[in-house]
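**Student:** This is the structure I want to talk about, given as structure tokens.
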Amino acid sequence: MKSDQRIANNVSGHFECSAKRNVSRNVRKAFALFSFFILPFSLLAQKPAIYHVVVVGVDGMSPDGIQHATTPVMDSILKVAAYTFKCQAVLPTSSSPNWASMIMGAGPDKHGVTSNAWQPNKQTIELECEGTKRGGKPSGMWPTIYGELRRQKPNAIIACFNDWLAYNRLFEKGVVNRQRDANLLQAASHKGYKGITKKAARYFKKKQPDFMFVHLDMVDHAGHHDGHGTQAYYDAVGIADQQIGKIIRAIKESGVAERTMLLIVADHGGIGHGHGGDSPEEINVPWILTGPGVVNGELQVEVNTYDTAATLAYIFGIKAPECWVGKPTIEAIAQ
Ligand SMILES: [Zn+2]
Ligand SMILES: [Zn+2]
């Protein structure tokens with residue numbers, strides 16, 4: 001846990017914690033940037049009618065990572081966010097089952113994405129319900145928030161920018177306006193976040209999408225390569241924090257910050273050099289929502305990763321499919 005002293009220092013802008021003294025200027029800069037983004041929110045007592053929602057999903061980013069890395073942007077966000085560091089990932093704590101659960105509003109027992117080997121139309125279980133069709137063709141998957149938003153709000157602008165190339169197979173084909181993978185050369189050197197952040201920021205400024213998902217992969221890579229809880233891992237979390245700052249800057253520059261929600265999530269944590277098991281280090285993940293009408297503070301209710309899709313549907317004002325088991329985290333949002 002971060003000490004009260006560190007939080008107090010951070011608020012005052014005089015960041016004295018010896019381990020982080022050299023970042024005080026960055027902290028102040030990020031805080032100044034973020035204050036523009038958040039100030040209007042605190043003035044809004046009720047749920048505004050129009051939202052843009054940006055989800056930044058940082059692969060493998062554990063609560064421990066946020067608490068021990070240099071994360072001035074997320075530190076500032078936490079001061080105004082509704083958040084928990086105990087959002088529950090699903091088993092197995094692998095990437096595909098968890099990204100799928102997050103956008104599909106249910107667990108692997110329902111949507112069938114049980115491993116990274118999963119592919120659409122190759123289900124091992126019979127699905128209770130079906131995702132949004134493309135030109136009358138079955139989607140071959142459980143309904144996702146992407147498909148539901150497209151079906152219920154045909155004019156919505158939906159975008160996905162993913163550093164992990166396999167992410168985009170997890171939602172229905174043809175339902176997003178824009179999808180871009182990381183540059184292959186950058187992805188190969190685990191620097192795909194550079195291009196992805198740039199593309200996402202540019203797209204947000206140009207189109208102000210209703211829904212944009214940004215997936216960043218470098219933290220998971222550091223967890224596998226160097227180990228969770230190592231300096232290299234924390235450095236990668238610090239890079240993720242900088243990318244989030246760039247996305248926030250784009251939202252602010254696009255002039256819609258007061259109508260934009262930002263959700264920061266992770267698919268799983270990790271232990272040693274990996275993940276997939278059922279330890280608290282792998283299962284507990286951050287879930288951090290900020291934006292207009294968000295109720296600030298640590299959430300006192302249980303949040304599961306599959307509640308994310310239902311919460312997004314609630315924010316968009318669309319109906320969640322009856323087969324979703326996740327519930328919107330309404331405690332995070334002023335009623
Ligand atoms: Zn992952
Ligand atoms: Zn991994």
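Note on naming: chains are A, B, ... as they come in the structure tokens, residues start from 1 per chain, ligands start from 1 in the order shown.
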For ligand 1, return the neighbouring residues as an mmCIF file with N, CA and C atoms, in the first residue's frame (distance at most 7 Å; only C-alpha atoms and all ligand atoms).
**Tutor:**
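In the end it all went to result.cif:
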data_model
loop_
_atom_site.group_PDB
_atom_site.id
_atom_site.type_symbol
_atom_site.label_atom_id
_atom_site.label_comp_id
_atom_site.auth_asym_id
_atom_site.auth_seq_id
_atom_site.Cartn_x
_atom_site.Cartn_y
_atom_site.Cartn_z
ATOM 1 N N ASP A 59 -2.587 -5.282 -20.235
ATOM 2 C CA ASP A 59 -2.429 -6.722 -20.052
ATOM 3 C C ASP A 59 -1.479 -7.025 -18.894
ATOM 4 N N GLY A 60 -1.973 -7.801 -17.936
ATOM 5 C CA GLY A 60 -1.112 -8.265 -16.852
ATOM 6 C C GLY A 60 -0.751 -7.227 -15.802
ATOM 7 N N SER A 94 -5.869 -16.537 -17.756
ATOM 8 C CA SER A 94 -5.192 -16.344 -19.041
ATOM 9 C C SER A 94 -5.819 -15.145 -19.731
ATOM 10 N N SER A 95 -5.157 -14.674 -20.767
ATOM 11 C CA SER A 95 -5.610 -13.436 -21.410
ATOM 12 C C SER A 95 -6.969 -13.583 -22.095
ATOM 13 N N ASP A 220 2.454 -7.191 -19.495
ATOM 14 C CA ASP A 220 2.419 -8.664 -19.483
ATOM 15 C C ASP A 220 3.742 -9.234 -19.974
ATOM 16 N N ASP A 267 -6.479 -7.681 -17.469
ATOM 17 C CA ASP A 267 -7.113 -8.997 -17.638
ATOM 18 C C ASP A 267 -6.754 -9.951 -16.496
ATOM 19 N N HIS A 268 -5.543 -9.825 -15.973
ATOM 20 C CA HIS A 268 -5.083 -10.686 -14.873
ATOM 21 C C HIS A 268 -3.843 -10.037 -14.296
#
**Student:** For ligand 2, return the neighbouring residues as an MDAnalysis selection string (distance at most 12 Å; only C-alpha atoms and all ligand atoms).
**Tutor:** chainID A and resid 58:62 92:99 115:116 164 216:228 266:277 282
**Student:** Name the residues in contact with Lys133 (chain A) at a cut-off of 10 Å, using only C-alpha atoms, excluding same-chain residues fewer than 6 positions from it; report them as a PyMOL selection string.
**Tutor:** chain A and resi 139-141+143+147+151+172-175
**Student:** Quick one: write out the picked residues with N, CA and C atoms as a PDB file, in the first residue's frame?
**Tutor:**
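This went into part35.pdb:
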ATOM      1  N   SER A 139     -22.248 -14.930 -35.900  1.00  0.00           N
ATOM      2  CA  SER A 139     -20.960 -14.417 -35.408  1.00  0.00           C
ATOM      3  C   SER A 139     -20.082 -15.546 -34.880  1.00  0.00           C
ATOM      4  N   GLY A 140     -20.712 -16.644 -34.482  1.00  0.00           N
ATOM      5  CA  GLY A 140     -19.936 -17.756 -33.918  1.00  0.00           C
ATOM      6  C   GLY A 140     -19.423 -17.466 -32.523  1.00  0.00           C
ATOM      7  N   MET A 141     -20.060 -16.523 -31.858  1.00  0.00           N
ATOM      8  CA  MET A 141     -19.610 -16.197 -30.491  1.00  0.00           C
ATOM      9  C   MET A 141     -20.735 -15.609 -29.643  1.00  0.00           C
ATOM     10  N   PRO A 143     -22.529 -12.794 -27.308  1.00  0.00           N
ATOM     11  CA  PRO A 143     -22.628 -11.348 -27.564  1.00  0.00           C
ATOM     12  C   PRO A 143     -21.634 -10.515 -26.750  1.00  0.00           C
ATOM     13  N   GLY A 147     -20.706  -5.612 -30.138  1.00  0.00           N
ATOM     14  CA  GLY A 147     -21.825  -6.002 -30.995  1.00  0.00           C
ATOM     15  C   GLY A 147     -23.155  -5.443 -30.524  1.00  0.00           C
ATOM     16  N   ARG A 151     -25.594  -3.004 -32.572  1.00  0.00           N
ATOM     17  CA  ARG A 151     -26.972  -3.424 -32.884  1.00  0.00           C
ATOM     18  C   ARG A 151     -27.993  -2.407 -32.352  1.00  0.00           C
ATOM     19  N   GLU A 172     -17.358  -9.580 -32.369  1.00  0.00           N
ATOM     20  CA  GLU A 172     -17.986  -9.909 -33.631  1.00  0.00           C
ATOM     21  C   GLU A 172     -17.334  -9.146 -34.793  1.00  0.00           C
ATOM     22  N   LYS A 173     -17.241  -9.821 -35.910  1.00  0.00           N
ATOM     23  CA  LYS A 173     -16.660  -9.191 -37.110  1.00  0.00           C
ATOM     24  C   LYS A 173     -17.598  -8.105 -37.642  1.00  0.00           C
ATOM     25  N   GLY A 174     -17.003  -7.018 -38.081  1.00  0.00           N
ATOM     26  CA  GLY A 174     -17.784  -5.993 -38.772  1.00  0.00           C
ATOM     27  C   GLY A 174     -18.560  -5.048 -37.874  1.00  0.00           C
ATOM     28  N   VAL A 175     -18.365  -5.100 -36.563  1.00  0.00           N
ATOM     29  CA  VAL A 175     -19.156  -4.228 -35.689  1.00  0.00           C
ATOM     30  C   VAL A 175     -18.428  -2.940 -35.292  1.00  0.00           C
TER      31      VAL A 175
END
**Student:** Give me the residues near region 244-255 of chain A as a list in words, where near means some atom within 6 Å (using only C-alpha atoms) and where sequence neighbours in that chain fewer than 2 positions away do not count.
**Tutor:** Val73, Ala201, Lys205, Asp241, Gln242 and Ala257 of chain A
**Student:** Set the distance at 8 Å and use only C-alpha atoms: which residues neighbour region 313-322 of chain A once local chain neighbours fewer than 4 positions away are removed? I'd like the list as an NGL selection string.
**Tutor:** :A and (51 or 143 or 145 or 148-149 or 152 or 309 or 328)
**Student:** Using Å and a single decimal, report how far CA of Ala89 (chain A) sits from CA of Thr305 (chain A).
**Tutor:**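 Separation of CA of Thr305 (chain A) and CA of Ala89 (chain A): 5.4 Å.
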